[in-house]
>>> print(open('final.tsv').read())   # TSV, C-alpha atoms
chain	number	residue	atom	x	y	z
A	108	MET	CA	-37.32	61.52	94.52
A	109	THR	CA	-38.43	60.30	97.92
A	110	PRO	CA	-41.20	62.47	99.42
A	111	SER	CA	-40.48	64.07	102.79
A	112	PRO	CA	-42.31	62.45	105.69
A	113	ALA	CA	-45.33	64.33	106.98
A	114	PRO	CA	-44.71	66.10	110.26
A	115	THR	CA	-46.06	64.32	113.29
A	116	ALA	CA	-48.70	65.85	115.54
A	117	ARG	CA	-46.01	66.21	118.22
A	118	ALA	CA	-43.74	68.12	115.84
A	119	VAL	CA	-46.57	70.44	114.78
A	120	ALA	CA	-47.52	71.10	118.39
A	121	LEU	CA	-43.90	71.83	119.29
A	122	ALA	CA	-43.55	74.24	116.38
A	123	LEU	CA	-46.71	76.09	117.46
A	124	LEU	CA	-45.48	76.33	121.03
A	125	CYS	CA	-42.14	77.72	119.83
A	126	ALA	CA	-43.92	80.31	117.70
A	127	LEU	CA	-46.14	81.34	120.60
A	128	PHE	CA	-43.15	81.60	122.92
A	129	ALA	CA	-41.22	83.70	120.42
A	130	GLY	CA	-44.22	85.98	119.89
A	131	GLY	CA	-44.71	86.39	123.62
A	132	ALA	CA	-41.03	87.18	124.16
A	133	ALA	CA	-41.10	89.77	121.37
A	134	ALA	CA	-44.19	91.43	122.87
A	135	GLN	CA	-42.47	91.57	126.26
A	136	ASN	CA	-39.42	93.21	124.69
A	137	VAL	CA	-41.59	95.85	122.99
A	138	ALA	CA	-43.44	96.53	126.26
A	139	ALA	CA	-40.13	96.90	128.12
A	140	GLU	CA	-38.75	99.29	125.51
A	141	ARG	CA	-41.93	101.39	125.55
A	142	ALA	CA	-41.75	101.56	129.35
A	143	ALA	CA	-38.15	102.78	129.04
A	144	CYS	CA	-39.34	105.54	126.69
A	145	GLU	CA	-41.67	106.84	129.40
A	146	ARG	CA	-39.04	107.10	132.13
A	147	PRO	CA	-37.78	110.53	131.04
A	148	TYR	CA	-41.23	111.81	130.08
A	149	LYS	CA	-44.71	110.38	130.64
A	150	PRO	CA	-47.63	112.54	129.48
A	151	GLN	CA	-50.80	112.84	131.54
A	152	SER	CA	-54.26	112.71	129.99
A	153	GLY	CA	-55.72	116.21	129.97
A	154	GLN	CA	-52.39	118.03	129.94
A	155	GLU	CA	-52.34	121.38	128.16
A	156	GLY	CA	-50.87	121.69	124.69
A	157	LYS	CA	-50.49	124.53	122.18
A	158	ASP	CA	-54.13	124.61	121.04
A	159	VAL	CA	-55.56	121.48	122.61
A	160	VAL	CA	-55.34	119.27	125.66
A	161	TRP	CA	-53.89	115.80	125.13
A	162	VAL	CA	-56.28	112.89	125.62
A	163	PRO	CA	-55.21	109.50	124.23
A	164	THR	CA	-57.47	107.99	121.58
A	165	PRO	CA	-58.88	104.58	122.63
A	166	ASP	CA	-57.51	101.65	120.63
A	167	GLU	CA	-60.92	100.66	119.27
A	168	VAL	CA	-61.46	104.22	117.99
A	169	VAL	CA	-58.05	104.20	116.28
A	170	GLN	CA	-58.93	100.96	114.51
A	171	ARG	CA	-62.33	102.27	113.39
A	172	MET	CA	-60.78	105.50	112.09
A	173	LEU	CA	-58.32	103.59	109.92
A	174	GLN	CA	-61.00	101.15	108.75
A	175	MET	CA	-63.35	103.99	107.83
A	176	VAL	CA	-60.84	105.46	105.37
A	177	ASP	CA	-59.62	102.04	104.23
A	178	VAL	CA	-55.93	102.47	105.02
A	179	ARG	CA	-53.80	100.22	102.78
A	180	PRO	CA	-50.08	99.51	102.31
A	181	THR	CA	-49.99	101.95	99.38
A	182	ASP	CA	-51.15	104.87	101.55
A	183	VAL	CA	-49.21	107.73	103.07
A	184	VAL	CA	-50.95	108.64	106.33
A	185	TYR	CA	-50.41	111.99	108.07
A	186	ASP	CA	-51.64	112.29	111.65
A	187	LEU	CA	-52.15	115.94	112.59
A	188	GLY	CA	-51.51	116.41	116.30
A	189	ALA	CA	-49.83	113.03	116.66
A	190	GLY	CA	-49.49	112.99	120.45
A	191	ASP	CA	-47.77	109.77	121.49
A	192	GLY	CA	-47.81	108.44	117.91
A	193	LYS	CA	-50.54	105.86	118.47
A	194	ILE	CA	-52.44	106.48	115.22
A	195	ALA	CA	-49.31	106.71	113.06
A	196	ILE	CA	-48.01	103.46	114.56
A	197	ALA	CA	-51.36	101.73	113.97
A	198	ALA	CA	-51.35	102.87	110.33
A	199	ALA	CA	-47.83	101.48	109.86
A	200	ARG	CA	-48.94	98.13	111.25
A	201	LEU	CA	-51.40	98.03	108.34
A	202	GLY	CA	-48.46	98.48	105.97
A	203	ALA	CA	-48.86	102.21	105.27
A	204	ARG	CA	-46.12	104.79	105.56
A	205	ALA	CA	-47.04	107.25	108.30
A	206	VAL	CA	-45.93	110.71	109.43
A	207	GLY	CA	-47.05	112.30	112.69
A	208	ILE	CA	-46.99	116.08	113.19
A	209	GLU	CA	-46.70	117.08	116.85
A	210	PHE	CA	-46.00	120.55	118.27
A	211	ASN	CA	-44.92	119.54	121.79
A	212	PRO	CA	-41.20	118.61	121.54
A	213	GLN	CA	-41.33	116.22	124.50
A	214	MET	CA	-44.38	114.45	123.07
A	215	ALA	CA	-42.75	114.26	119.63
A	216	TRP	CA	-39.65	112.70	121.21
A	217	LEU	CA	-41.80	110.17	123.08
A	218	ALA	CA	-43.73	109.25	119.93
A	219	GLN	CA	-40.51	108.63	117.98
A	220	CYS	CA	-39.18	106.56	120.88
A	221	PHE	CA	-42.32	104.43	120.74
A	222	VAL	CA	-41.81	104.05	116.99
A	223	ARG	CA	-38.31	102.68	117.60
A	224	ALA	CA	-39.59	100.38	120.34
A	225	GLU	CA	-42.11	98.94	117.87
A	226	GLY	CA	-39.40	98.41	115.25
A	227	LEU	CA	-41.14	100.75	112.80
A	228	ASP	CA	-38.40	103.30	112.12
A	229	GLY	CA	-38.61	102.64	108.40
A	230	LYS	CA	-42.39	103.12	108.29
A	231	VAL	CA	-43.13	105.98	110.71
A	232	ARG	CA	-41.61	109.44	111.10
A	233	ILE	CA	-42.61	111.91	113.81
A	234	GLU	CA	-42.02	115.57	112.99
A	235	ARG	CA	-42.05	118.35	115.54
A	236	GLY	CA	-44.11	121.13	113.98
A	237	ASP	CA	-47.30	123.16	113.68
A	238	VAL	CA	-50.10	121.48	111.71
A	239	PHE	CA	-50.97	124.83	110.09
A	240	GLU	CA	-47.45	125.18	108.70
A	241	ALA	CA	-46.56	121.54	108.01
A	242	ASP	CA	-46.20	120.24	104.46
A	243	PHE	CA	-48.46	117.20	104.10
A	244	ARG	CA	-49.18	117.44	100.39
A	245	GLU	CA	-48.04	113.86	99.82
A	246	ALA	CA	-50.74	112.46	102.12
A	247	THR	CA	-53.37	110.11	100.76
A	248	VAL	CA	-54.98	109.88	104.21
A	249	VAL	CA	-55.14	112.52	106.97
A	250	THR	CA	-56.17	111.68	110.53
A	251	MET	CA	-57.07	114.24	113.18
A	252	TYR	CA	-58.15	114.57	116.80
A	253	LEU	CA	-58.36	118.34	117.16
A	254	LEU	CA	-60.92	120.81	118.49
A	255	PRO	CA	-63.86	121.95	116.28
A	256	GLU	CA	-62.43	125.44	115.69
A	257	LEU	CA	-59.10	123.97	114.62
A	258	ASN	CA	-60.82	121.62	112.19
A	259	LEU	CA	-62.57	124.61	110.59
A	260	ARG	CA	-59.31	126.61	110.40
A	261	LEU	CA	-57.64	123.67	108.68
A	262	ILE	CA	-60.23	123.31	105.90
A	263	PRO	CA	-58.64	125.85	103.49
A	264	LYS	CA	-55.21	124.24	103.89
A	265	LEU	CA	-56.64	120.75	103.43
A	266	LEU	CA	-58.46	121.82	100.25
A	267	LYS	CA	-55.45	123.72	98.88
A	268	ASP	CA	-52.72	121.20	99.69
A	269	LEU	CA	-54.34	117.80	99.29
A	270	LYS	CA	-55.14	116.01	96.06
A	271	PRO	CA	-58.80	115.30	95.22
A	272	GLY	CA	-59.65	111.87	96.55
A	273	THR	CA	-57.50	112.18	99.69
A	274	ARG	CA	-59.39	110.72	102.65
A	275	ILE	CA	-59.77	112.55	105.95
A	276	VAL	CA	-60.93	111.08	109.25
A	277	SER	CA	-61.54	112.91	112.52
A	278	HIS	CA	-62.07	111.60	116.03
A	279	ALA	CA	-64.77	113.32	118.11
A	280	PHE	CA	-65.29	116.53	116.10
A	281	ASP	CA	-66.76	117.31	112.69
A	282	MET	CA	-66.10	120.20	110.29
A	283	GLY	CA	-69.22	122.25	110.75
A	284	GLY	CA	-71.11	122.76	107.50
A	285	TRP	CA	-68.82	120.41	105.56
A	286	GLN	CA	-70.96	117.34	105.90
A	287	PRO	CA	-69.11	114.05	106.51
A	288	GLU	CA	-69.55	111.17	104.10
A	289	GLN	CA	-69.50	108.68	106.95
A	290	LYS	CA	-70.15	108.88	110.68
A	291	ALA	CA	-69.80	106.16	113.29
A	292	LYS	CA	-69.90	105.87	117.06
A	293	VAL	CA	-67.30	103.66	118.74
A	294	ALA	CA	-67.00	103.24	122.51
A	295	GLY	CA	-69.18	106.33	122.88
A	296	LYS	CA	-66.90	108.40	120.60
A	297	ASP	CA	-67.86	109.93	117.26
A	298	VAL	CA	-65.77	109.32	114.15
A	299	TYR	CA	-66.25	111.26	110.88
A	300	SER	CA	-64.77	110.94	107.41
A	301	TRP	CA	-64.59	113.07	104.26
A	302	THR	CA	-62.96	112.95	100.83
A	303	ILE	CA	-61.22	115.99	99.34
A	304	PRO	CA	-63.43	117.16	96.43
A	305	ALA	CA	-62.18	118.49	93.12
A	306	PRO	CA	-61.91	122.29	92.82
A	307	GLY	CA	-64.87	123.93	91.11
A	308	THR	CA	-67.39	121.35	92.30
A	309	PRO	CA	-70.37	122.10	94.58
A	310	ALA	CA	-68.77	119.88	97.24
A	311	TYR	CA	-65.58	121.98	97.15
A	312	ALA	CA	-67.59	125.20	97.47
A	313	ALA	CA	-69.55	123.79	100.40
A	314	ALA	CA	-66.37	122.75	102.17
A	315	MET	CA	-64.78	126.15	101.69
A	316	ALA	CA	-67.95	127.86	102.91
A	317	ALA	CA	-67.84	125.76	106.09
A	318	SER	CA	-64.40	127.19	106.91
A	319	ARG	CA	-65.91	130.70	107.02
A	320	GLN	CA	-68.58	129.83	109.55
>>> encode(input="final.tsv", output="structure tokens")
Amino acid sequence: MTPSPAPTARAVALALLCALFAGGAAAQNVAAERAACERPYKPQSGQEGKDVVWVPTPDEVVQRMLQMVDVRPTDVVYDLGAGDGKIAIAAARLGARAVGIEFNPQMAWLAQCFVRAEGLDGKVRIERGDVFEADFREATVVTMYLLPELNLRLIPKLLKDLKPGTRIVSHAFDMGGWQPEQKAKVAGKDVYSWTIPAPGTPAYAAAMAASRQ
């Protein structure tokens, strides 16, 4: 069997240029589709929501949040208060399956439009709903960017619905007396993480007590 000739430097360079061109064209297509999503509705930072105002999470904070809880392709990530879907989309890019819960119907529509623009329909689902009523029992990771009082109100539901070992990460706000296992500062923003403890343990009791503060 005659071995195939090694590719020449010119051929390798041409292949790299083609790959770069294809990647650039794909990125332009995604950007164009995302821009089209914003024509009917474009949210403004600081706009009022049901319980919070919407402020987009910086990209570097999103990446640190997902790194802190070690998001993997085997994970199911639920983003509570999904906004424009940024965190759910970032989790899907890491291979995870992601679900965003968003109360504002226009914002939920925009987030799902962004999901389609990114070609992630099979990995990300945006649900219009209330985080206090949503069913996220299948989650192995929960991400949040809510106000401190909402974090505290969520603790009983998180403890009741999530399996021990589920990882939680919050941008900007902690959970009062439930001490985080990790804390980091990224671009001037705080990031906190916890793990759901097993019922009957001192950690579980401390978490539940924090919700009554």
>>> residues_near_point(input="final.tsv", point="(-44.1, 121.7, 122.5)", cutoff="12 Å", atoms="only C-alpha atoms", output="list in words")
Gln154, Glu155, Gly156, Lys157, Asp158, Val159, Val160, Trp161, Gly188, Ala189, Gly190, Ile208, Glu209, Phe210, Asn211, Pro212, Gln213, Met214, Ala215, Trp216, Leu217, Glu234, Arg235, Gly236 and Asp237 of chain A
>>> closest_residue(input="final.tsv", among="A:Tyr299, A:Phe239, A:Phe221, A:Tyr185", to="Val168 (chain A)", atoms="only C-alpha atoms")
A:Tyr299
>>> residues_around(input="final.tsv", residues="region 142-149 of chain A", least_positions_apart="2", cutoff="6 Å", atoms="all atoms listed in the file", output="PyMOL selection string")
chain A and resi 139-140+220
>>> closest_residue(input="final.tsv", among="A:Val183, A:Met315, A:Met172, A:Ala218", to="Ala279 (chain A)", atoms="only C-alpha atoms")
A:Met172
>>> atom_distance(input="final.tsv", atom1="CA of Leu259 (chain A)", atom2="CA of Glu245 (chain A)")
21.0 Å
>>> closest_residue(input="final.tsv", among="A:Glu225, A:Ala197, A:Asp177, A:Gly202", to="Ala138 (chain A)", atoms="only C-alpha atoms")
A:Glu225
>>> residues_near_point(input="final.tsv", point="(-50.7, 107.1, 104.4)", cutoff="6 Å", atoms="all atoms listed in the file", output="MDAnalysis selection string")
chainID A and resid 182:184 203:205 246:248
>>> closest_residue(input="final.tsv", among="A:Val176, A:Ala294, A:Leu269, A:Leu253", to="Met282 (chain A)", atoms="only C-alpha atoms")
A:Leu253
>>> closest_residue(input="final.tsv", among="A:Val293, A:Val276, A:Pro165, A:Lys267", to="Ala305 (chain A)", atoms="only C-alpha atoms")
A:Lys267
>>> closest_residue(input="final.tsv", among="A:Arg200, A:Arg141, A:Arg244, A:Thr273", to="Gln219 (chain A)", atoms="only C-alpha atoms")
A:Arg141
>>> residues_around(input="final.tsv", residues="Ile194 (chain A)", least_positions_apart="4", cutoff="9 Å", atoms="all atoms listed in the file", output="short mmCIF file (atom, residue, chain, number, x, y, z; two decimals) with C-alpha atoms, in the coordinates of the input")
data_model
loop_
_atom_site.label_atom_id
_atom_site.label_comp_id
_atom_site.auth_asym_id
_atom_site.auth_seq_id
_atom_site.Cartn_x
_atom_site.Cartn_y
_atom_site.Cartn_z
CA THR A 164 -57.47 107.99 121.58
CA ASP A 166 -57.51 101.65 120.63
CA VAL A 169 -58.05 104.20 116.28
CA GLN A 170 -58.93 100.96 114.51
CA MET A 172 -60.78 105.50 112.09
CA LEU A 173 -58.32 103.59 109.92
CA ASP A 186 -51.64 112.29 111.65
CA ALA A 189 -49.83 113.03 116.66
CA GLY A 190 -49.49 112.99 120.45
CA ALA A 198 -51.35 102.87 110.33
CA ALA A 199 -47.83 101.48 109.86
CA ALA A 205 -47.04 107.25 108.30
CA GLY A 207 -47.05 112.30 112.69
CA THR A 250 -56.17 111.68 110.53
#
>>> atom_distance(input="final.tsv", atom1="CA of Arg232 (chain A)", atom2="CA of Arg274 (chain A)")
19.7 Å
